[in-house]
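Student: One structure is given below, represented as structure tokens, and several questions about it will come after.
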Amino acid sequence: MTVAIYLPSQDNTDWWVKLMQGLLPGWDIVSMDAVTDPAAVHYAVVWRPRTGDIARFSNLKAIVSVGAGIDHVLADAELPLGVPIIRTVGQDLTQRMLEYVTLHVLRHHRDMPRQLQAQAERDWHSIVVPVAPNRVVGVMGLGNLGAAAARILSQVGFATRGWSKSPKAIEGVDTFAGEEGLAQFLDGCGILVNLLPLTSATKGILNADLFSKLPAGACVINCARGGHLVDDDLLEALDSGHLKQATLDVFHQEPLPSAHPFWTHPAITVTPHIASRIDAETGGRLIAENLKIFRATGTCPDVADAVRGY
Ligand code: NAP
């Protein structure tokens, strides 16, 4: 029963190998690059696997994504079809995302970037902003993270909306579904939070057309995937003044290249994919539990739908 681990940095991989050896005594846990018998590998634990790495394992029973999204696994063009992909999700991940979303929604709502700029200029910029019930906040994606975020924002007092593929009912949240519900969801939405999975249907969804449906002065928070955003469209919408501010946690290329205009744009806050970066020990425990359940039963509740893409 061999578990092969791959993360883009070898140091991280080695660290995870040690962690998982401690959590799964009796299992053979190795770095993917140290596998000598690919046919003996039953589980692959990965973050952004290299193309073709997983296809070597002819007896693979499951792939574990070290994170909630599975897009980075599905990006492997040689991925064997039909092998279950287990997401790593849990209360820790949800809590972290709630903290991030609440922080940045409130920051935009209370115009903190402008306040900080005023402080730097010794400017007593005393303004009145709308109270939360008069601010519409929309959450795209109502899964584990999006539904929890929408609930919290509603509890803070925002006029909260949510958008998903299939209809949902969430107390205190006005919900919209499908492409037919998108324009209505966006209409009047002053702060937009993206928590969609990255799929062929959602790639590039944060684009000029979508921004044009938001009211002037809206703010955008992308804490899902860089591939959701058309970078140039965001820059244009900010530079034209149609959008006011953006907070970005995820990027097409990570780390964000040092020459990328997002780093220095006055209306953009960049964070380095830390919105809900699970600490490795908690993540390791979740992964170990899922592997034990999967080994015993042939499935587990966190198996994603690879055909659907999330
Ligand atoms: P999830 O449980 O899989 O939920 C996805 C939600 O998106 C569902 O409500 C789904 O609708 C909706 N959706 C999917 N495709 C759609 C479409 N074409 N149109 C409208 N709605 C659509 O995902 P999650 O666990 O909440 O995570 C969301 C994403 O957050 C992950 O995929 C990952 O990319 C990102 N993430 C980022 C970080 C970070 O640190 N920045 C950390 C963790 C996760 P239905 O319910 O109708 O299917």
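Order determines the names: the first chain of the structure tokens is A, the second B, and so forth; residues in each chain are numbered 1 upward, and ligands are numbered 1 upward as they are shown.
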Quick one: residues within 9 Å of Tyr310 in chain A, only C-alpha atoms, excluding same-chain residues fewer than 2 positions away - as a list in words?
Tutor: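 The residues that qualify are Ala68, Gly69, Ile70, Asp71, Arg87, Pro197, Leu198, Thr199, Ala304, Asp305, Ala306, Val307 and Arg308 of chain A.
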Student: Save the residues we just selected, N, CA, C and O atoms, as a PDB file, in the first residue's frame?
Tutor:
```pdb
ATOM      1  N   ALA A  68      -8.968  22.298  -1.604  1.00  0.00           N
ATOM      2  CA  ALA A  68     -10.382  22.080  -1.914  1.00  0.00           C
ATOM      3  C   ALA A  68     -10.615  21.920  -3.415  1.00  0.00           C
ATOM      4  O   ALA A  68     -11.476  21.167  -3.846  1.00  0.00           O
ATOM      5  N   GLY A  69      -9.841  22.648  -4.228  1.00  0.00           N
ATOM      6  CA  GLY A  69     -10.050  22.599  -5.679  1.00  0.00           C
ATOM      7  C   GLY A  69      -9.399  21.371  -6.290  1.00  0.00           C
ATOM      8  O   GLY A  69      -8.405  20.847  -5.767  1.00  0.00           O
ATOM      9  N   ILE A  70      -9.970  20.902  -7.403  1.00  0.00           N
ATOM     10  CA  ILE A  70      -9.352  19.766  -8.105  1.00  0.00           C
ATOM     11  C   ILE A  70      -8.885  20.184  -9.499  1.00  0.00           C
ATOM     12  O   ILE A  70      -8.400  19.364 -10.260  1.00  0.00           O
ATOM     13  N   ASP A  71      -9.021  21.472  -9.827  1.00  0.00           N
ATOM     14  CA  ASP A  71      -8.626  21.967 -11.152  1.00  0.00           C
ATOM     15  C   ASP A  71      -7.153  21.691 -11.447  1.00  0.00           C
ATOM     16  O   ASP A  71      -6.788  21.367 -12.566  1.00  0.00           O
ATOM     17  N   ARG A  87     -11.020  15.594  -2.366  1.00  0.00           N
ATOM     18  CA  ARG A  87     -10.668  16.969  -1.984  1.00  0.00           C
ATOM     19  C   ARG A  87     -10.245  16.995  -0.511  1.00  0.00           C
ATOM     20  O   ARG A  87     -10.650  16.139   0.264  1.00  0.00           O
ATOM     21  N   PRO A 197     -15.571  27.112  -8.314  1.00  0.00           N
ATOM     22  CA  PRO A 197     -14.448  26.252  -8.721  1.00  0.00           C
ATOM     23  C   PRO A 197     -14.032  26.634 -10.141  1.00  0.00           C
ATOM     24  O   PRO A 197     -14.846  27.180 -10.897  1.00  0.00           O
ATOM     25  N   LEU A 198     -12.793  26.341 -10.505  1.00  0.00           N
ATOM     26  CA  LEU A 198     -12.338  26.638 -11.868  1.00  0.00           C
ATOM     27  C   LEU A 198     -12.677  25.455 -12.769  1.00  0.00           C
ATOM     28  O   LEU A 198     -12.135  24.367 -12.609  1.00  0.00           O
ATOM     29  N   THR A 199     -13.610  25.689 -13.705  1.00  0.00           N
ATOM     30  CA  THR A 199     -14.020  24.644 -14.652  1.00  0.00           C
ATOM     31  C   THR A 199     -14.077  25.293 -16.034  1.00  0.00           C
ATOM     32  O   THR A 199     -13.900  26.518 -16.163  1.00  0.00           O
ATOM     33  N   ALA A 304     -14.605  14.213  -5.120  1.00  0.00           N
ATOM     34  CA  ALA A 304     -15.180  15.225  -6.013  1.00  0.00           C
ATOM     35  C   ALA A 304     -15.745  14.542  -7.258  1.00  0.00           C
ATOM     36  O   ALA A 304     -15.534  13.353  -7.473  1.00  0.00           O
ATOM     37  N   ASP A 305     -16.478  15.319  -8.049  1.00  0.00           N
ATOM     38  CA  ASP A 305     -17.032  14.807  -9.298  1.00  0.00           C
ATOM     39  C   ASP A 305     -16.135  15.296 -10.435  1.00  0.00           C
ATOM     40  O   ASP A 305     -16.216  16.446 -10.859  1.00  0.00           O
ATOM     41  N   ALA A 306     -15.270  14.407 -10.913  1.00  0.00           N
ATOM     42  CA  ALA A 306     -14.267  14.826 -11.910  1.00  0.00           C
ATOM     43  C   ALA A 306     -14.918  15.244 -13.220  1.00  0.00           C
ATOM     44  O   ALA A 306     -14.405  16.113 -13.927  1.00  0.00           O
ATOM     45  N   VAL A 307     -16.060  14.656 -13.563  1.00  0.00           N
ATOM     46  CA  VAL A 307     -16.723  15.014 -14.814  1.00  0.00           C
ATOM     47  C   VAL A 307     -17.266  16.439 -14.716  1.00  0.00           C
ATOM     48  O   VAL A 307     -17.085  17.275 -15.609  1.00  0.00           O
ATOM     49  N   ARG A 308     -17.882  16.748 -13.581  1.00  0.00           N
ATOM     50  CA  ARG A 308     -18.419  18.086 -13.333  1.00  0.00           C
ATOM     51  C   ARG A 308     -17.270  19.097 -13.188  1.00  0.00           C
ATOM     52  O   ARG A 308     -17.408  20.276 -13.478  1.00  0.00           O
TER      53      ARG A 308
END
```
Student: Please give me, as a PyMOL selection string, the residues lying within 7 Å of ligand 1 when counting only C-alpha atoms and all ligand atoms.
Tutor: chain A and resi 67-70+89+93+97+140-146+163-167+177-179+195-199+201-202+223-225+249-250+273-277+310
Student: Have a look at A:Val230, A:Ile152, A:Leu116, A:Val270 and name the one nearest to Thr247 in chain A; count only C-alpha atoms.
Tutor: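 Using only C-alpha atoms, the shortest distance to Thr247 in chain A belongs to A:Val270.
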Student: Contacts of range 22-25 of chain A at 12 Å or less, counting only C-alpha atoms, minus same-chain residues fewer than 5 places along, as a list in words?
Tutor: Met1, Thr2, Val3, Trp15, Trp16, Val17, Val30, Glu281, Thr282, Gly283, Gly284, Arg285, Leu286, Ile287, Ala288, Glu289, Asn290, Leu291, Lys292 and Arg295 of chain A
Student: Could you go through range 131-253 of chain A and tell me which residues DSSP, when run on the backbone, assigns to helix (DSSP H, G or I), listing them as a PyMOL selection string?
Tutor: chain A and resi 132-134+144-156+178-186+208-213+226-228+231-239
Student: Please list as a list in words every residue within 6 Å of Arg161 in chain A, counting only C-alpha atoms and excluding residues in the same chain fewer than 2 positions away.
Tutor: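 Everything that qualifies: Gly138, Val173, Asp174 and Thr175 of chain A.
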Student: Could you write those residues out with N, CA and C atoms, as a PDB file, in the first residue's frame?
Tutor:
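As written to disk, result_23.pdb reads:
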```
ATOM      1  N   GLY A 138     -22.431  40.094  -3.139  1.00  0.00           N
ATOM      2  CA  GLY A 138     -22.794  38.864  -3.865  1.00  0.00           C
ATOM      3  C   GLY A 138     -21.678  37.842  -3.804  1.00  0.00           C
ATOM      4  N   VAL A 173     -30.171  34.874   2.706  1.00  0.00           N
ATOM      5  CA  VAL A 173     -29.424  35.112   1.460  1.00  0.00           C
ATOM      6  C   VAL A 173     -30.390  35.015   0.273  1.00  0.00           C
ATOM      7  N   ASP A 174     -30.364  36.027  -0.605  1.00  0.00           N
ATOM      8  CA  ASP A 174     -31.152  35.952  -1.842  1.00  0.00           C
ATOM      9  C   ASP A 174     -30.359  35.135  -2.844  1.00  0.00           C
ATOM     10  N   THR A 175     -30.917  34.042  -3.290  1.00  0.00           N
ATOM     11  CA  THR A 175     -30.137  33.148  -4.145  1.00  0.00           C
ATOM     12  C   THR A 175     -30.606  33.190  -5.598  1.00  0.00           C
TER      13      THR A 175
END
```
Student: What's the 9 Å shell around Asp231 in chain A, counting only C-alpha atoms, without same-chain residues fewer than 5 positions away, as JSON, numbers by chain?
Tutor: {"A": [206, 207, 226, 236, 251, 252, 262]}
Student: Could you write out that same residue set with N, CA and C atoms as a short mmCIF file (atom, residue, chain, number, x, y, z; two decimals), in the first residue's frame?
Tutor:
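Saved to part.cif:
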```cif
data_model
loop_
_atom_site.label_atom_id
_atom_site.label_comp_id
_atom_site.auth_asym_id
_atom_site.auth_seq_id
_atom_site.Cartn_x
_atom_site.Cartn_y
_atom_site.Cartn_z
N LEU A 206 -14.78 36.29 -14.68
CA LEU A 206 -14.63 37.66 -14.18
C LEU A 206 -14.01 38.48 -15.32
N ASN A 207 -14.87 38.93 -16.22
CA ASN A 207 -14.39 39.59 -17.44
C ASN A 207 -15.15 40.91 -17.65
N GLY A 226 -7.01 32.07 -10.06
CA GLY A 226 -6.58 33.12 -10.98
C GLY A 226 -7.22 32.97 -12.35
N GLU A 236 -8.60 47.37 -16.92
CA GLU A 236 -9.34 48.37 -17.67
C GLU A 236 -10.53 48.89 -16.86
N PHE A 251 -3.92 33.84 -8.75
CA PHE A 251 -3.38 34.44 -9.97
C PHE A 251 -3.14 33.35 -11.01
N HIS A 252 -3.08 33.79 -12.28
CA HIS A 252 -2.79 32.83 -13.35
C HIS A 252 -1.48 32.13 -13.09
N PHE A 262 -0.42 44.06 -11.30
CA PHE A 262 -1.25 43.97 -10.09
C PHE A 262 -0.47 44.39 -8.83
#
```
Student: From the set A:Ala75, A:Val41, A:Leu19, A:Leu238, which residue has the shortest atom-to-atom contact distance to Leu60 in chain A, counting only C-alpha atoms?
Tutor: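 Among A:Ala75, A:Val41, A:Leu19, A:Leu238, it is A:Val41 that comes nearest to Leu60 in chain A.
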Student: For a quick check of understanding, using only C-alpha atoms, which of A:Gln119, A:Asn194, A:Thr51, A:Gln10 has the smallest distance to Ser31 in chain A?
Tutor: A:Gln10
Student: Using only C-alpha atoms, find the one residue out of A:Asp11, A:Pro272, A:Tyr6, A:Val35 that sits nearest to Ile63 in chain A.
Tutor: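 Checking each candidate against Ile63 in chain A, we get A:Tyr6 as the closest.
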